[in-house]
Amino acid sequence: MKNMILFGPPGSGKGTQAVKLAEHYNLLHLSTGDMFRYEIKNNTPLGQRAKSYMDKGELVPDEITIEMLKERVERAKDVNGIIFDGFPRTVAQAEALDQMLEEISGPIKALLLLDVPDEEIVKRILLRGETSGRKDDLDEEIIRNRIEVFNRETTPVYDYYDQKNIAFKVDGVGSVDEIFRRICRTLDQL
Ligand code: B4P
């Protein structure tokens, strides 16, 4: 497996599974959410711009996100492959990703959607909010806005890769290890 996308609504377990998959398949894990949180923690100009969107549960504008990701992908020339976590979240980001991978390394081999019902997501994120210190995890209204943004702006990304016959759905409810095994089974069959 070379380059792949871990896809799904907020709180579907992308970050959780990406860490395990990166280790198992020896891939570089790139999470745009983690990158933004790092910039915010260090109070950089990029972090200051991203924070206003993230706190409301909105997407950070494409031009900021694509530029930041491109810089990281360019630095990753010698890796075995990349697991993209939380990117792309819009069709414009997907098109930009395809273009940058064409220039730099191989194409996306698979997109895996972690399928989790809305009510389970709200429960998980509120629970994480008790310890994460993330403003976007604390307020149910903001969490529901993140789900709405996902349904409106991000789900078309699934169709974009489905048209290329490389989009797969995995049941995202169950224990972390069960879900990990489901994802590996899907990937190993490719
Ligand atoms: P992300 O950091 O991508 O955050 P996420 O969607 O909340 O997390 P994820 O799905 O990774 O869930 P996790 O494994 O942590 O994005 C945050 C914000 O950044 C976005 O709202 C946006 O503003 C901005 N952003 C990021 N990328 C962007 C982009 N490309 N374009 C524009 N804006 C962008 O799991 C969640 C919780 O569930 C955890 O507490 C975990 O312990 C728990 N959990 C995991 N698996 C479980 C299981 N099987 N059962 C029960 N609980 C489980």
# chains A, B, ... in the order shown; residues from 1 in each chain; ligands from 1
>>> closest_atom_pairs(of="stretch 11-80 of chain A", to="stretch 156-174 of chain A", cutoff="10 Å", atoms="only C-alpha atoms", output="JSON lines")
{"residue": "A:Ser12", "atom": "CA", "partner": "A:Gly172", "partner_atom": "CA", "distance": 6.7}
{"residue": "A:Gly13", "atom": "CA", "partner": "A:Gly172", "partner_atom": "CA", "distance": 7.5}
{"residue": "A:Lys14", "atom": "CA", "partner": "A:Gly172", "partner_atom": "CA", "distance": 9.5}
>>> residues_near_ligand(ligand="ligand 1", cutoff="8 Å", atoms="only C-alpha atoms and all ligand atoms", output="VMD selection string")
chain A and resid 7 to 18 31 to 34 36 to 37 50 to 51 53 to 62 65 to 66 85 to 90 93 121 124 to 125 127 to 129 136 to 137 146 172 to 179
>>> residues_around(residues="stretch 185-190 of chain A", least_positions_apart="2", cutoff="8 Å", atoms="only C-alpha atoms", output="number ranges by chain")
A: 1, 110, 168, 181-183
>>> write_last_selection(atoms="all heavy atoms", output="PDB file, in the first residue's frame")
ATOM      1  N   MET A   1       0.853  -1.208   0.000  1.00  0.00           N
ATOM      2  CA  MET A   1       0.000   0.000   0.000  1.00  0.00           C
ATOM      3  C   MET A   1       0.887   1.257   0.000  1.00  0.00           C
ATOM      4  O   MET A   1       1.770   1.385   0.821  1.00  0.00           O
ATOM      5  CB  MET A   1      -0.876  -0.040   1.260  1.00  0.00           C
ATOM      6  CG  MET A   1      -1.685   1.202   1.549  1.00  0.00           C
ATOM      7  SD  MET A   1      -2.757   1.753   0.227  1.00  0.00           S
ATOM      8  CE  MET A   1      -3.579   0.234  -0.233  1.00  0.00           C
ATOM      9  N   ALA A 110      -6.239   4.186  -2.373  1.00  0.00           N
ATOM     10  CA  ALA A 110      -7.547   3.893  -1.793  1.00  0.00           C
ATOM     11  C   ALA A 110      -7.986   5.022  -0.856  1.00  0.00           C
ATOM     12  O   ALA A 110      -7.145   5.666  -0.220  1.00  0.00           O
ATOM     13  CB  ALA A 110      -7.482   2.583  -0.997  1.00  0.00           C
ATOM     14  N   PHE A 168     -13.827   2.998  -0.501  1.00  0.00           N
ATOM     15  CA  PHE A 168     -14.345   1.825   0.216  1.00  0.00           C
ATOM     16  C   PHE A 168     -14.928   2.267   1.550  1.00  0.00           C
ATOM     17  O   PHE A 168     -14.360   3.130   2.218  1.00  0.00           O
ATOM     18  CB  PHE A 168     -13.215   0.810   0.469  1.00  0.00           C
ATOM     19  CG  PHE A 168     -12.516   0.396  -0.792  1.00  0.00           C
ATOM     20  CD1 PHE A 168     -11.394   1.084  -1.237  1.00  0.00           C
ATOM     21  CD2 PHE A 168     -13.002  -0.654  -1.559  1.00  0.00           C
ATOM     22  CE1 PHE A 168     -10.754   0.733  -2.423  1.00  0.00           C
ATOM     23  CE2 PHE A 168     -12.372  -1.018  -2.740  1.00  0.00           C
ATOM     24  CZ  PHE A 168     -11.246  -0.321  -3.169  1.00  0.00           C
ATOM     25  N   ARG A 181      -8.838  -4.071  12.293  1.00  0.00           N
ATOM     26  CA  ARG A 181      -8.793  -5.334  11.523  1.00  0.00           C
ATOM     27  C   ARG A 181      -9.657  -5.236  10.256  1.00  0.00           C
ATOM     28  O   ARG A 181      -9.273  -5.723   9.206  1.00  0.00           O
ATOM     29  CB  ARG A 181      -9.245  -6.516  12.404  1.00  0.00           C
ATOM     30  CG  ARG A 181      -8.126  -7.001  13.349  1.00  0.00           C
ATOM     31  CD  ARG A 181      -8.448  -8.374  13.918  1.00  0.00           C
ATOM     32  NE  ARG A 181      -9.592  -8.358  14.811  1.00  0.00           N
ATOM     33  CZ  ARG A 181      -9.537  -8.054  16.116  1.00  0.00           C
ATOM     34  NH1 ARG A 181      -8.375  -7.779  16.683  1.00  0.00           N
ATOM     35  NH2 ARG A 181     -10.628  -8.055  16.866  1.00  0.00           N
ATOM     36  N   ARG A 182     -10.814  -4.561  10.379  1.00  0.00           N
ATOM     37  CA  ARG A 182     -11.682  -4.399   9.193  1.00  0.00           C
ATOM     38  C   ARG A 182     -10.954  -3.594   8.111  1.00  0.00           C
ATOM     39  O   ARG A 182     -11.014  -3.924   6.929  1.00  0.00           O
ATOM     40  CB  ARG A 182     -12.959  -3.622   9.574  1.00  0.00           C
ATOM     41  CG  ARG A 182     -13.990  -4.479  10.261  1.00  0.00           C
ATOM     42  CD  ARG A 182     -15.185  -3.609  10.680  1.00  0.00           C
ATOM     43  NE  ARG A 182     -15.824  -4.178  11.844  1.00  0.00           N
ATOM     44  CZ  ARG A 182     -16.467  -3.509  12.789  1.00  0.00           C
ATOM     45  NH1 ARG A 182     -16.568  -2.184  12.711  1.00  0.00           N
ATOM     46  NH2 ARG A 182     -17.018  -4.109  13.803  1.00  0.00           N
ATOM     47  N   ILE A 183     -10.281  -2.531   8.539  1.00  0.00           N
ATOM     48  CA  ILE A 183      -9.574  -1.681   7.551  1.00  0.00           C
ATOM     49  C   ILE A 183      -8.455  -2.484   6.893  1.00  0.00           C
ATOM     50  O   ILE A 183      -8.303  -2.466   5.663  1.00  0.00           O
ATOM     51  CB  ILE A 183      -8.985  -0.412   8.230  1.00  0.00           C
ATOM     52  CG1 ILE A 183     -10.104   0.458   8.809  1.00  0.00           C
ATOM     53  CG2 ILE A 183      -8.144   0.381   7.253  1.00  0.00           C
ATOM     54  CD1 ILE A 183      -9.614   1.631   9.642  1.00  0.00           C
TER      55      ILE A 183
END
>>> select_by_dssp(residues="stretch 5-140 of chain A", states="helix (DSSP H, G or I)", output="VMD selection string")
chain A and resid 14 to 25 32 to 41 45 to 54 62 to 74 91 to 104 118 to 132 135 to 137 140
>>> residues_around(residues="A:Leu126", least_positions_apart="5", cutoff="12 Å", atoms="only C-alpha atoms", output="compact mmCIF listing (two decimals) with all heavy atoms, in the first residue's frame")
# COMPACT_ATOMS: atom_id res chain seq x y z
N PRO A 10 -16.29 14.04 11.44
CA PRO A 10 -15.49 14.37 12.62
C PRO A 10 -15.73 13.32 13.71
O PRO A 10 -16.85 12.85 13.90
CB PRO A 10 -16.03 15.73 13.06
CG PRO A 10 -17.33 15.89 12.36
CD PRO A 10 -17.22 15.11 11.09
N GLY A 11 -14.67 12.95 14.39
CA GLY A 11 -14.83 12.01 15.49
C GLY A 11 -15.11 10.59 15.06
O GLY A 11 -15.46 9.73 15.88
N GLU A 119 -25.28 10.24 15.98
CA GLU A 119 -25.44 10.28 17.44
C GLU A 119 -24.22 9.69 18.17
O GLU A 119 -23.82 10.16 19.23
CB GLU A 119 -26.74 9.58 17.88
CG GLU A 119 -28.00 10.31 17.47
CD GLU A 119 -27.94 11.83 17.68
OE1 GLU A 119 -27.63 12.25 18.82
OE2 GLU A 119 -28.19 12.58 16.71
N GLU A 120 -23.62 8.66 17.57
CA GLU A 120 -22.40 8.06 18.13
C GLU A 120 -21.25 9.08 18.07
O GLU A 120 -20.46 9.21 19.02
CB GLU A 120 -22.06 6.78 17.34
CG GLU A 120 -20.69 6.18 17.58
CD GLU A 120 -20.53 5.45 18.92
OE1 GLU A 120 -21.55 5.22 19.59
OE2 GLU A 120 -19.37 5.16 19.27
N ILE A 121 -21.20 9.84 16.99
CA ILE A 121 -20.15 10.86 16.82
C ILE A 121 -20.26 11.93 17.91
O ILE A 121 -19.29 12.29 18.56
CB ILE A 121 -20.29 11.54 15.44
CG1 ILE A 121 -19.82 10.58 14.35
CG2 ILE A 121 -19.51 12.83 15.38
CD1 ILE A 121 -20.14 11.07 12.97
N THR A 131 -11.44 15.99 28.10
CA THR A 131 -9.98 16.00 28.36
C THR A 131 -9.16 16.67 27.26
O THR A 131 -8.01 17.00 27.48
CB THR A 131 -9.45 14.55 28.50
OG1 THR A 131 -9.88 13.80 27.36
CG2 THR A 131 -9.95 13.88 29.77
N SER A 132 -9.74 16.87 26.06
CA SER A 132 -8.90 17.31 24.93
C SER A 132 -8.51 18.78 24.99
O SER A 132 -7.54 19.19 24.37
CB SER A 132 -9.63 17.06 23.60
OG SER A 132 -10.72 17.95 23.46
N GLY A 133 -9.28 19.58 25.70
CA GLY A 133 -9.02 21.02 25.73
C GLY A 133 -9.38 21.68 24.40
O GLY A 133 -9.09 22.85 24.19
N ARG A 134 -10.00 20.93 23.48
CA ARG A 134 -10.36 21.50 22.18
C ARG A 134 -11.70 22.20 22.26
O ARG A 134 -12.69 21.58 22.64
CB ARG A 134 -10.40 20.39 21.11
CG ARG A 134 -9.05 20.01 20.62
CD ARG A 134 -9.11 18.82 19.68
NE ARG A 134 -10.00 18.99 18.52
CZ ARG A 134 -10.08 18.11 17.52
NH1 ARG A 134 -9.33 17.02 17.54
NH2 ARG A 134 -10.90 18.33 16.51
N LYS A 135 -11.71 23.48 21.89
CA LYS A 135 -12.93 24.28 21.95
C LYS A 135 -14.02 23.67 21.06
O LYS A 135 -15.21 23.72 21.39
CB LYS A 135 -12.61 25.69 21.45
CG LYS A 135 -13.29 26.77 22.23
CD LYS A 135 -12.76 28.10 21.83
CE LYS A 135 -13.65 29.19 22.40
NZ LYS A 135 -13.13 30.51 22.08
N ASP A 136 -13.60 23.07 19.91
CA ASP A 136 -14.59 22.51 18.97
C ASP A 136 -15.15 21.18 19.44
O ASP A 136 -16.00 20.59 18.79
CB ASP A 136 -14.00 22.40 17.55
CG ASP A 136 -12.77 21.51 17.46
OD1 ASP A 136 -12.15 21.22 18.51
OD2 ASP A 136 -12.42 21.09 16.34
N ASP A 137 -14.68 20.68 20.59
CA ASP A 137 -15.19 19.41 21.14
C ASP A 137 -16.18 19.64 22.30
O ASP A 137 -16.78 18.69 22.80
CB ASP A 137 -14.04 18.57 21.72
CG ASP A 137 -13.23 17.88 20.64
OD1 ASP A 137 -13.64 17.89 19.47
OD2 ASP A 137 -12.17 17.32 20.98
N LEU A 138 -16.32 20.88 22.75
CA LEU A 138 -17.03 21.11 24.01
C LEU A 138 -18.52 21.39 23.84
O LEU A 138 -19.32 21.10 24.72
CB LEU A 138 -16.39 22.29 24.75
CG LEU A 138 -15.01 22.01 25.36
CD1 LEU A 138 -14.39 23.30 25.86
CD2 LEU A 138 -15.11 20.98 26.48
N ASP A 139 -18.88 21.99 22.73
CA ASP A 139 -20.23 22.52 22.56
C ASP A 139 -20.99 21.67 21.53
O ASP A 139 -20.55 21.52 20.39
CB ASP A 139 -20.06 23.97 22.06
CG ASP A 139 -21.38 24.69 21.91
OD1 ASP A 139 -22.36 24.05 21.49
OD2 ASP A 139 -21.41 25.90 22.20
N GLU A 140 -22.14 21.13 21.96
CA GLU A 140 -22.88 20.22 21.06
C GLU A 140 -23.30 20.92 19.76
O GLU A 140 -23.31 20.30 18.69
CB GLU A 140 -24.10 19.65 21.79
CG GLU A 140 -24.74 18.55 20.97
CD GLU A 140 -25.71 17.67 21.74
OE1 GLU A 140 -25.56 17.49 22.97
OE2 GLU A 140 -26.64 17.15 21.08
N GLU A 141 -23.59 22.23 19.86
CA GLU A 141 -24.02 22.97 18.66
C GLU A 141 -22.88 23.02 17.64
O GLU A 141 -23.08 22.85 16.44
CB GLU A 141 -24.42 24.37 19.07
CG GLU A 141 -25.56 24.93 18.25
CD GLU A 141 -25.98 26.27 18.79
OE1 GLU A 141 -26.46 26.32 19.95
OE2 GLU A 141 -25.80 27.26 18.07
N ILE A 142 -21.65 23.24 18.14
CA ILE A 142 -20.48 23.30 17.24
C ILE A 142 -20.21 21.92 16.66
O ILE A 142 -19.91 21.78 15.47
CB ILE A 142 -19.24 23.85 17.99
CG1 ILE A 142 -19.48 25.31 18.36
CG2 ILE A 142 -17.97 23.72 17.13
CD1 ILE A 142 -18.43 25.93 19.25
N ILE A 143 -20.39 20.88 17.47
CA ILE A 143 -20.17 19.51 16.98
C ILE A 143 -21.17 19.21 15.86
O ILE A 143 -20.81 18.68 14.81
CB ILE A 143 -20.29 18.49 18.13
CG1 ILE A 143 -19.19 18.73 19.17
CG2 ILE A 143 -20.22 17.06 17.60
CD1 ILE A 143 -19.37 17.96 20.47
N ARG A 144 -22.45 19.60 16.08
CA ARG A 144 -23.46 19.33 15.05
C ARG A 144 -23.18 20.16 13.79
O ARG A 144 -23.43 19.72 12.67
CB ARG A 144 -24.88 19.58 15.59
CG ARG A 144 -25.25 18.55 16.65
CD ARG A 144 -26.74 18.39 16.86
NE ARG A 144 -26.99 17.44 17.94
CZ ARG A 144 -27.11 16.12 17.78
NH1 ARG A 144 -27.00 15.58 16.58
NH2 ARG A 144 -27.32 15.32 18.81
>>> atom_distance(atom1="atom CA of A:Phe180", atom2="atom CA of A:Ile108")
19.7 Å
>>> decode(residues="stretch 141-152 of chain A", atoms="all heavy atoms", output="compact mmCIF listing (two decimals), in the first residue's frame")
# COMPACT_ATOMS: atom_id res chain seq x y z
N GLU A 141 -23.59 22.23 19.86
CA GLU A 141 -24.02 22.97 18.66
C GLU A 141 -22.88 23.02 17.64
O GLU A 141 -23.08 22.85 16.44
CB GLU A 141 -24.42 24.37 19.07
CG GLU A 141 -25.56 24.93 18.25
CD GLU A 141 -25.98 26.27 18.79
OE1 GLU A 141 -26.46 26.32 19.95
OE2 GLU A 141 -25.80 27.26 18.07
N ILE A 142 -21.65 23.24 18.14
CA ILE A 142 -20.48 23.30 17.24
C ILE A 142 -20.21 21.92 16.66
O ILE A 142 -19.91 21.78 15.47
CB ILE A 142 -19.24 23.85 17.99
CG1 ILE A 142 -19.48 25.31 18.36
CG2 ILE A 142 -17.97 23.72 17.13
CD1 ILE A 142 -18.43 25.93 19.25
N ILE A 143 -20.39 20.88 17.47
CA ILE A 143 -20.17 19.51 16.98
C ILE A 143 -21.17 19.21 15.86
O ILE A 143 -20.81 18.68 14.81
CB ILE A 143 -20.29 18.49 18.13
CG1 ILE A 143 -19.19 18.73 19.17
CG2 ILE A 143 -20.22 17.06 17.60
CD1 ILE A 143 -19.37 17.96 20.47
N ARG A 144 -22.45 19.60 16.08
CA ARG A 144 -23.46 19.33 15.05
C ARG A 144 -23.18 20.16 13.79
O ARG A 144 -23.43 19.72 12.67
CB ARG A 144 -24.88 19.58 15.59
CG ARG A 144 -25.25 18.55 16.65
CD ARG A 144 -26.74 18.39 16.86
NE ARG A 144 -26.99 17.44 17.94
CZ ARG A 144 -27.11 16.12 17.78
NH1 ARG A 144 -27.00 15.58 16.58
NH2 ARG A 144 -27.32 15.32 18.81
N ASN A 145 -22.61 21.35 13.97
CA ASN A 145 -22.22 22.14 12.79
C ASN A 145 -21.10 21.43 12.03
O ASN A 145 -21.10 21.40 10.79
CB ASN A 145 -21.76 23.55 13.22
CG ASN A 145 -21.47 24.42 12.00
OD1 ASN A 145 -22.22 24.40 11.02
ND2 ASN A 145 -20.37 25.14 12.02
N ARG A 146 -20.15 20.83 12.75
CA ARG A 146 -19.06 20.09 12.07
C ARG A 146 -19.64 18.93 11.25
O ARG A 146 -19.17 18.66 10.15
CB ARG A 146 -18.06 19.56 13.11
CG ARG A 146 -17.22 20.67 13.74
CD ARG A 146 -16.50 20.23 14.98
NE ARG A 146 -15.50 19.21 14.74
CZ ARG A 146 -14.88 18.53 15.71
NH1 ARG A 146 -15.16 18.79 16.98
NH2 ARG A 146 -13.98 17.63 15.43
N ILE A 147 -20.66 18.27 11.79
CA ILE A 147 -21.27 17.15 11.06
C ILE A 147 -21.97 17.69 9.80
O ILE A 147 -21.87 17.11 8.72
CB ILE A 147 -22.26 16.38 11.97
CG1 ILE A 147 -21.49 15.72 13.12
CG2 ILE A 147 -23.03 15.32 11.16
CD1 ILE A 147 -22.38 15.09 14.19
N GLU A 148 -22.67 18.83 9.97
CA GLU A 148 -23.37 19.44 8.83
C GLU A 148 -22.38 19.84 7.74
O GLU A 148 -22.63 19.63 6.55
CB GLU A 148 -24.09 20.69 9.34
CG GLU A 148 -25.58 20.67 9.07
CD GLU A 148 -26.18 21.95 9.61
OE1 GLU A 148 -26.16 22.98 8.89
OE2 GLU A 148 -26.64 21.89 10.76
N VAL A 149 -21.27 20.45 8.17
CA VAL A 149 -20.22 20.86 7.21
C VAL A 149 -19.70 19.63 6.48
O VAL A 149 -19.49 19.65 5.27
CB VAL A 149 -19.08 21.63 7.94
CG1 VAL A 149 -17.87 21.80 7.02
CG2 VAL A 149 -19.57 22.98 8.44
N PHE A 150 -19.52 18.53 7.23
CA PHE A 150 -19.04 17.29 6.60
C PHE A 150 -20.04 16.83 5.53
O PHE A 150 -19.67 16.54 4.40
CB PHE A 150 -18.85 16.18 7.65
CG PHE A 150 -18.49 14.86 7.02
CD1 PHE A 150 -17.17 14.60 6.66
CD2 PHE A 150 -19.45 13.90 6.77
CE1 PHE A 150 -16.83 13.39 6.04
CE2 PHE A 150 -19.12 12.69 6.16
CZ PHE A 150 -17.80 12.44 5.80
N ASN A 151 -21.34 16.79 5.90
CA ASN A 151 -22.35 16.31 4.95
C ASN A 151 -22.43 17.20 3.72
O ASN A 151 -22.59 16.72 2.60
CB ASN A 151 -23.72 16.23 5.63
CG ASN A 151 -23.76 15.09 6.65
OD1 ASN A 151 -23.03 14.11 6.53
ND2 ASN A 151 -24.59 15.23 7.67
N ARG A 152 -22.29 18.51 3.93
CA ARG A 152 -22.46 19.46 2.82
C ARG A 152 -21.20 19.57 1.95
O ARG A 152 -21.26 19.48 0.74
CB ARG A 152 -22.80 20.83 3.43
CG ARG A 152 -23.27 21.86 2.43
CD ARG A 152 -23.67 23.17 3.10
NE ARG A 152 -22.57 23.77 3.83
CZ ARG A 152 -22.62 24.13 5.11
NH1 ARG A 152 -23.71 23.95 5.82
NH2 ARG A 152 -21.58 24.67 5.70
